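Peer 1: Just start-v7.cif, nothing more (mmCIF, C-alpha atoms):
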```
data_structure
loop_
_atom_site.label_atom_id
_atom_site.label_comp_id
_atom_site.auth_asym_id
_atom_site.auth_seq_id
_atom_site.Cartn_x
_atom_site.Cartn_y
_atom_site.Cartn_z
CA MET V 1 0.00 0.00 0.00
CA THR V 2 1.25 3.40 -0.85
CA ARG V 3 0.76 6.38 1.31
CA GLN V 4 -1.05 9.28 -0.26
CA SER V 5 -1.05 11.44 2.83
CA ASP V 6 1.70 13.63 1.41
CA ASN V 7 -0.41 14.48 -1.59
CA ASP V 8 -3.48 14.90 0.59
CA ASP V 9 -1.65 17.27 2.93
CA GLU V 10 -0.55 19.44 0.03
CA PHE V 11 -4.10 19.52 -1.34
CA ASP V 12 -5.54 20.45 2.06
CA THR V 13 -3.01 23.23 2.53
CA GLY V 14 -3.74 24.64 -0.93
CA MET V 15 -7.45 24.63 -0.33
CA ARG V 16 -7.11 26.40 3.04
CA HIS V 17 -5.05 29.16 1.38
CA LEU V 18 -7.58 29.50 -1.44
CA LEU V 19 -10.50 29.76 0.99
CA ARG V 20 -8.68 32.42 3.05
CA ARG V 21 -8.26 34.59 -0.05
CA LEU V 22 -11.98 34.55 -0.91
CA PRO V 23 -13.78 37.85 -0.24
CA VAL V 24 -16.00 38.01 2.85
CA PRO V 25 -19.30 39.90 2.50
CA GLU V 26 -19.42 43.07 4.55
CA ASP V 27 -23.21 43.23 4.91
CA ASP V 28 -25.26 41.11 7.31
CA TYR V 29 -26.59 37.88 6.05
CA VAL V 30 -29.98 38.02 4.42
CA ASN V 31 -32.70 36.61 6.68
CA LEU V 32 -35.02 34.48 4.65
CA PRO V 33 -38.70 34.59 5.68
CA ARG V 34 -38.81 30.81 5.90
CA ARG V 35 -39.30 30.70 9.64
CA SER V 36 -42.23 33.11 9.64
CA PHE V 37 -43.73 31.30 6.65
CA LEU V 38 -43.53 28.00 8.53
CA GLN V 39 -45.04 29.57 11.62
CA LEU V 40 -47.94 31.00 9.60
CA GLY V 41 -48.42 27.63 7.92
CA ALA V 42 -48.51 25.86 11.28
CA VAL V 43 -51.04 28.38 12.59
CA ALA V 44 -53.20 27.98 9.47
CA MET V 45 -53.10 24.18 9.73
CA GLY V 46 -53.99 24.35 13.41
CA LEU V 47 -56.95 26.65 12.75
CA THR V 48 -58.11 24.41 9.91
CA ALA V 49 -57.94 21.32 12.12
CA LEU V 50 -59.78 23.14 14.89
CA GLY V 51 -62.50 24.30 12.50
CA ALA V 52 -62.89 20.84 10.95
CA SER V 53 -63.11 19.15 14.34
CA GLY V 54 -65.65 21.76 15.48
CA TRP V 55 -67.78 21.16 12.37
CA TYR V 56 -67.56 17.38 12.81
CA THR V 57 -68.53 17.65 16.49
CA GLN V 58 -71.47 19.94 15.68
CA GLN V 59 -72.68 17.55 12.95
CA TYR V 60 -72.27 14.56 15.24
CA LEU V 61 -74.19 16.16 18.09
CA SER V 62 -76.91 17.70 15.90
CA ALA V 63 -78.77 14.39 15.55
CA PRO V 64 -80.52 12.82 18.54
CA PRO V 65 -78.62 9.90 20.09
CA PHE V 66 -81.33 7.48 19.01
CA VAL V 67 -80.87 8.47 15.35
CA ARG V 68 -77.12 7.84 15.66
CA HIS V 69 -77.86 4.37 17.10
CA ALA V 70 -80.30 3.73 14.25
CA PHE V 71 -77.70 4.67 11.62
CA ALA V 72 -75.17 2.38 13.32
CA HIS V 73 -77.74 -0.44 13.35
CA VAL V 74 -78.54 0.07 9.64
CA GLU V 75 -74.85 0.04 8.76
CA GLU V 76 -74.31 -3.10 10.83
CA GLU V 77 -77.04 -4.95 8.95
CA SER V 78 -76.26 -3.50 5.52
CA GLY V 79 -75.09 -6.86 4.15
CA LEU V 80 -78.24 -8.80 5.04
CA ARG V 81 -80.86 -9.64 2.43
CA GLY V 82 -84.17 -11.49 2.51
CA VAL V 83 -87.50 -11.63 4.32
CA LEU V 84 -86.70 -12.91 7.80
CA VAL V 85 -90.09 -12.40 9.51
CA PRO V 86 -92.74 -15.12 9.79
CA ASP V 87 -95.66 -12.89 8.65
CA LEU V 88 -94.83 -10.26 6.03
CA GLN V 89 -98.53 -9.36 5.60
CA ARG V 90 -98.66 -8.12 9.21
CA VAL V 91 -95.71 -5.82 8.54
CA LYS V 92 -97.34 -4.45 5.37
CA ALA V 93 -100.64 -3.92 7.22
CA THR V 94 -98.83 -1.98 9.96
CA ILE V 95 -97.17 0.33 7.44
CA GLY V 96 -100.49 0.85 5.71
CA LYS V 97 -99.08 1.65 2.28
CA PRO V 98 -96.64 -0.16 0.02
CA LEU V 99 -93.09 1.12 0.05
CA PRO V 100 -91.69 2.15 -3.32
CA GLY V 101 -88.83 0.18 -4.81
CA VAL V 102 -87.68 -3.39 -4.36
CA MET V 103 -87.62 -4.85 -0.85
CA GLN V 104 -84.15 -6.09 0.04
CA LEU V 105 -84.60 -6.88 3.74
CA CYS V 106 -87.38 -7.33 6.27
CA LYS V 107 -86.43 -8.59 9.73
CA ASP V 108 -87.12 -8.24 13.43
CA CYS V 109 -84.51 -6.26 15.32
CA VAL V 110 -83.87 -4.21 18.43
CA VAL V 111 -82.54 -0.65 18.08
CA ASP V 112 -81.32 0.94 21.29
CA GLY V 113 -83.81 -1.10 23.34
CA TYR V 114 -86.84 -0.57 21.04
CA ARG V 115 -88.28 -3.50 19.07
CA ALA V 116 -88.80 -2.77 15.39
CA TRP V 117 -89.14 -4.24 11.96
CA HIS V 118 -86.18 -3.27 9.83
CA LEU V 119 -87.10 -2.85 6.15
CA VAL V 120 -84.62 -1.95 3.42
CA ASN V 121 -85.85 -0.99 -0.04
CA PHE V 122 -83.85 -0.17 -3.14
CA LEU V 123 -85.12 2.61 -5.39
CA ASP V 124 -83.77 2.77 -8.95
CA ASN V 125 -81.39 5.71 -9.49
CA LEU V 126 -81.87 6.84 -5.88
CA GLY V 127 -80.32 4.14 -3.71
CA TYR V 128 -81.23 2.39 -0.48
CA VAL V 129 -83.80 3.50 2.09
CA SER V 130 -84.12 1.90 5.52
CA VAL V 131 -87.43 2.07 7.39
CA LEU V 132 -87.64 1.12 11.05
CA VAL V 133 -91.26 0.41 12.05
CA PHE V 134 -91.44 0.34 15.85
CA ARG V 135 -93.54 -2.27 17.62
CA GLY V 136 -94.79 -1.57 21.11
CA SER V 137 -93.05 1.37 22.70
CA ALA V 138 -91.29 3.84 20.41
CA PRO V 139 -88.89 6.70 21.01
CA SER V 140 -90.70 9.97 21.64
CA LEU V 141 -88.86 11.84 18.91
CA SER V 142 -90.19 13.71 15.92
CA GLY V 143 -88.91 15.76 13.04
CA SER V 144 -86.26 15.24 10.43
CA GLY V 145 -82.70 16.19 9.75
CA HIS V 146 -79.32 15.44 8.29
CA TRP V 147 -76.47 13.64 9.98
CA LEU V 148 -73.00 12.65 8.84
CA ARG V 149 -74.20 9.38 7.34
CA GLY V 150 -77.39 10.59 5.72
CA TYR V 151 -80.90 11.92 6.15
CA TRP V 152 -83.61 10.86 8.61
CA GLN V 153 -87.27 11.54 9.31
CA PHE V 154 -89.82 10.27 11.85
CA LEU V 155 -93.31 9.43 10.58
CA ALA V 156 -96.57 8.12 12.01
CA ALA V 157 -97.80 4.76 10.70
CA GLU V 158 -101.12 2.94 10.91
CA GLN V 159 -102.33 1.76 14.34
CA ASN V 160 -100.49 4.63 16.10
CA ARG V 161 -97.10 3.17 15.28
CA ARG V 162 -94.05 5.26 14.58
CA MET V 163 -91.49 4.86 11.80
CA LEU V 164 -88.00 6.18 11.25
CA VAL V 165 -86.91 6.53 7.63
CA LEU V 166 -83.14 6.66 6.97
CA SER V 167 -81.24 7.12 3.72
CA PRO V 168 -77.87 8.39 2.56
CA GLU V 169 -79.64 10.23 -0.29
CA ARG V 170 -82.15 13.04 0.30
CA GLN V 171 -84.11 12.27 -2.88
CA ALA V 172 -84.57 8.63 -1.87
CA LEU V 173 -85.81 9.64 1.58
CA ASN V 174 -88.20 12.21 0.09
CA ALA V 175 -89.62 9.65 -2.35
CA VAL V 176 -90.40 7.17 0.44
CA VAL V 177 -91.81 9.83 2.78
CA LYS V 178 -94.00 11.23 -0.01
CA GLU V 179 -95.35 7.75 -0.75
CA LEU V 180 -96.02 7.00 2.92
CA GLN V 181 -97.74 10.33 3.59
CA ALA V 182 -99.93 10.24 0.45
#
```
Would it be possible to restate this file's structure as structure tokens?
Peer 2:
Amino acid sequence: MTRQSDNDDEFDTGMRHLLRRLPVPEDDYVNLPRRSFLQLGAVAMGLTALGASGWYTQQYLSAPPFVRHAFAHVEEESGLRGVLVPDLQRVKATIGKPLPGVMQLCKDCVVDGYRAWHLVNFLDNLGYVSVLVFRGSAPSLSGSGHWLRGYWQFLAAEQNRRMLVLSPERQALNAVVKELQA
């Protein structure tokens, strides 16, 4: 092995002399606005996150807790299909009017402690609509609204029963409500 340290030492010495002869700027260094830009960006991101979380919280809390449970129940049973009740004619008589679209599901279920029939219908070009027809006691809620997962509306059915209509599409919900209230 040969030693190249002699050549390296000469190169290092030459470079040090060259660097010493370079002119040094007399003015202060220019302060780039990068730090303030990053601080403003961090503030803007923080305010955006705060606003988004505030909107999400307001949307989440705007629906009654029962409606949130109903949406969770509908999502949980979204993969089920078929008529799973022993007497479909009794369910149809309770509703009083035929639901528009094609029935995808009809089953007994319990939503937040209330017994109900869970019906899912598919409307062409509008999507799915879930109708919960309460049997026995029903939640004492009324009205309609929008939640993160879709639209909802409470209705009265035959025999003083109550229904909750849920859909991710407003047009689908309006079509079913219009048919049931006609």
Peer 1: Pick out the closest residue to Phe134 (chain V) from this set: V:Phe122, V:Tyr114, V:Trp147, V:Gln153. Count all atoms listed in the file.
Peer 2: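 Looking at the shortest contact to Phe134 (chain V), the residue is V:Tyr114.
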Peer 1: What is the distance, in Å and to one decimal place, between CA of Val129 (chain V) and CA of Asn174 (chain V)?
Peer 2: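 Between these atoms lies a distance of 10.0 Å.
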Peer 1: For region 50-63 of chain V, list every protein, DNA or RNA residue within 8 Å, evaluated using all atoms listed in the file, and leave out those in the same chain fewer than 3 positions away; present the list as a ChimeraX atom specification.
Peer 2: /V:46-47,67-68,145-148
Peer 1: For the residues selected in the previous step, produce a file with C-alpha atoms as an mmCIF file, in the frame of the given file.
Peer 2:
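Written out: selection_22.cif:
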```cif
data_model
loop_
_atom_site.group_PDB
_atom_site.id
_atom_site.type_symbol
_atom_site.label_atom_id
_atom_site.label_comp_id
_atom_site.auth_asym_id
_atom_site.auth_seq_id
_atom_site.Cartn_x
_atom_site.Cartn_y
_atom_site.Cartn_z
ATOM 1 C CA GLY V 46 -53.990 24.350 13.410
ATOM 2 C CA LEU V 47 -56.950 26.650 12.750
ATOM 3 C CA VAL V 67 -80.870 8.470 15.350
ATOM 4 C CA ARG V 68 -77.120 7.840 15.660
ATOM 5 C CA GLY V 145 -82.700 16.190 9.750
ATOM 6 C CA HIS V 146 -79.320 15.440 8.290
ATOM 7 C CA TRP V 147 -76.470 13.640 9.980
ATOM 8 C CA LEU V 148 -73.000 12.650 8.840
#
```
Peer 1: What gap, in Å, lies between CA of Lys178 (chain V) and CA of Gly101 (chain V)?
Peer 2: 13.1 Å
Peer 1: Starting from the point (-80.6, -8.7, 8.7), work out which residues of protein, DNA or RNA have an atom no more than 12 Å away when counting all atoms listed in the file; state them as a PyMOL selection string.
Peer 2: chain V and resi 73-85+104-110+117-120+130
Peer 1: So how far away is CA of Pro25 (chain V) from CA of Asp9 (chain V), in Å?
Peer 2: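 Distance reported for this atom pair: 28.7 Å.
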Peer 1: Can you give me, as a list in words, the residues this file yields under the PyMOL selection byres ((chain V and resi 123) around 8)?
Peer 2: Pro100, Gly101, Val102, Asn121, Phe122, Asp124, Asn125, Leu126, Gly127, Tyr128, Val129 and Ala172 of chain V
Peer 1: List the neighbours of region 139-141 of chain V out to 12 Å using all atoms listed in the file; skip same-chain residues closer than 3 positions along the sequence, and give me the result as a short mmCIF file (atom, residue, chain, number, x, y, z; two decimals) with C-alpha atoms, in the coordinates of the input.
Peer 2:
```cif
data_model
loop_
_atom_site.label_atom_id
_atom_site.label_comp_id
_atom_site.auth_asym_id
_atom_site.auth_seq_id
_atom_site.Cartn_x
_atom_site.Cartn_y
_atom_site.Cartn_z
CA ALA V 63 -78.77 14.39 15.55
CA PRO V 64 -80.52 12.82 18.54
CA PRO V 65 -78.62 9.90 20.09
CA PHE V 66 -81.33 7.48 19.01
CA VAL V 67 -80.87 8.47 15.35
CA HIS V 69 -77.86 4.37 17.10
CA ALA V 70 -80.30 3.73 14.25
CA VAL V 111 -82.54 -0.65 18.08
CA ASP V 112 -81.32 0.94 21.29
CA GLY V 113 -83.81 -1.10 23.34
CA TYR V 114 -86.84 -0.57 21.04
CA ARG V 115 -88.28 -3.50 19.07
CA ALA V 116 -88.80 -2.77 15.39
CA LEU V 132 -87.64 1.12 11.05
CA VAL V 133 -91.26 0.41 12.05
CA PHE V 134 -91.44 0.34 15.85
CA ARG V 135 -93.54 -2.27 17.62
CA GLY V 136 -94.79 -1.57 21.11
CA SER V 144 -86.26 15.24 10.43
CA GLY V 145 -82.70 16.19 9.75
CA TRP V 152 -83.61 10.86 8.61
CA GLN V 153 -87.27 11.54 9.31
CA PHE V 154 -89.82 10.27 11.85
CA LEU V 155 -93.31 9.43 10.58
CA ALA V 156 -96.57 8.12 12.01
CA ARG V 161 -97.10 3.17 15.28
CA ARG V 162 -94.05 5.26 14.58
CA MET V 163 -91.49 4.86 11.80
CA LEU V 164 -88.00 6.18 11.25
#
```
Peer 1: Can you pull out the residues contacting Ser167 (chain V)? Cut-off 6 Å, using only C-alpha atoms, and skip same-chain residues under 6 positions away; I want them as a list in words.
Peer 2: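 My list of contacting residues is Val129, Gly150, Tyr151 and Leu173 of chain V.
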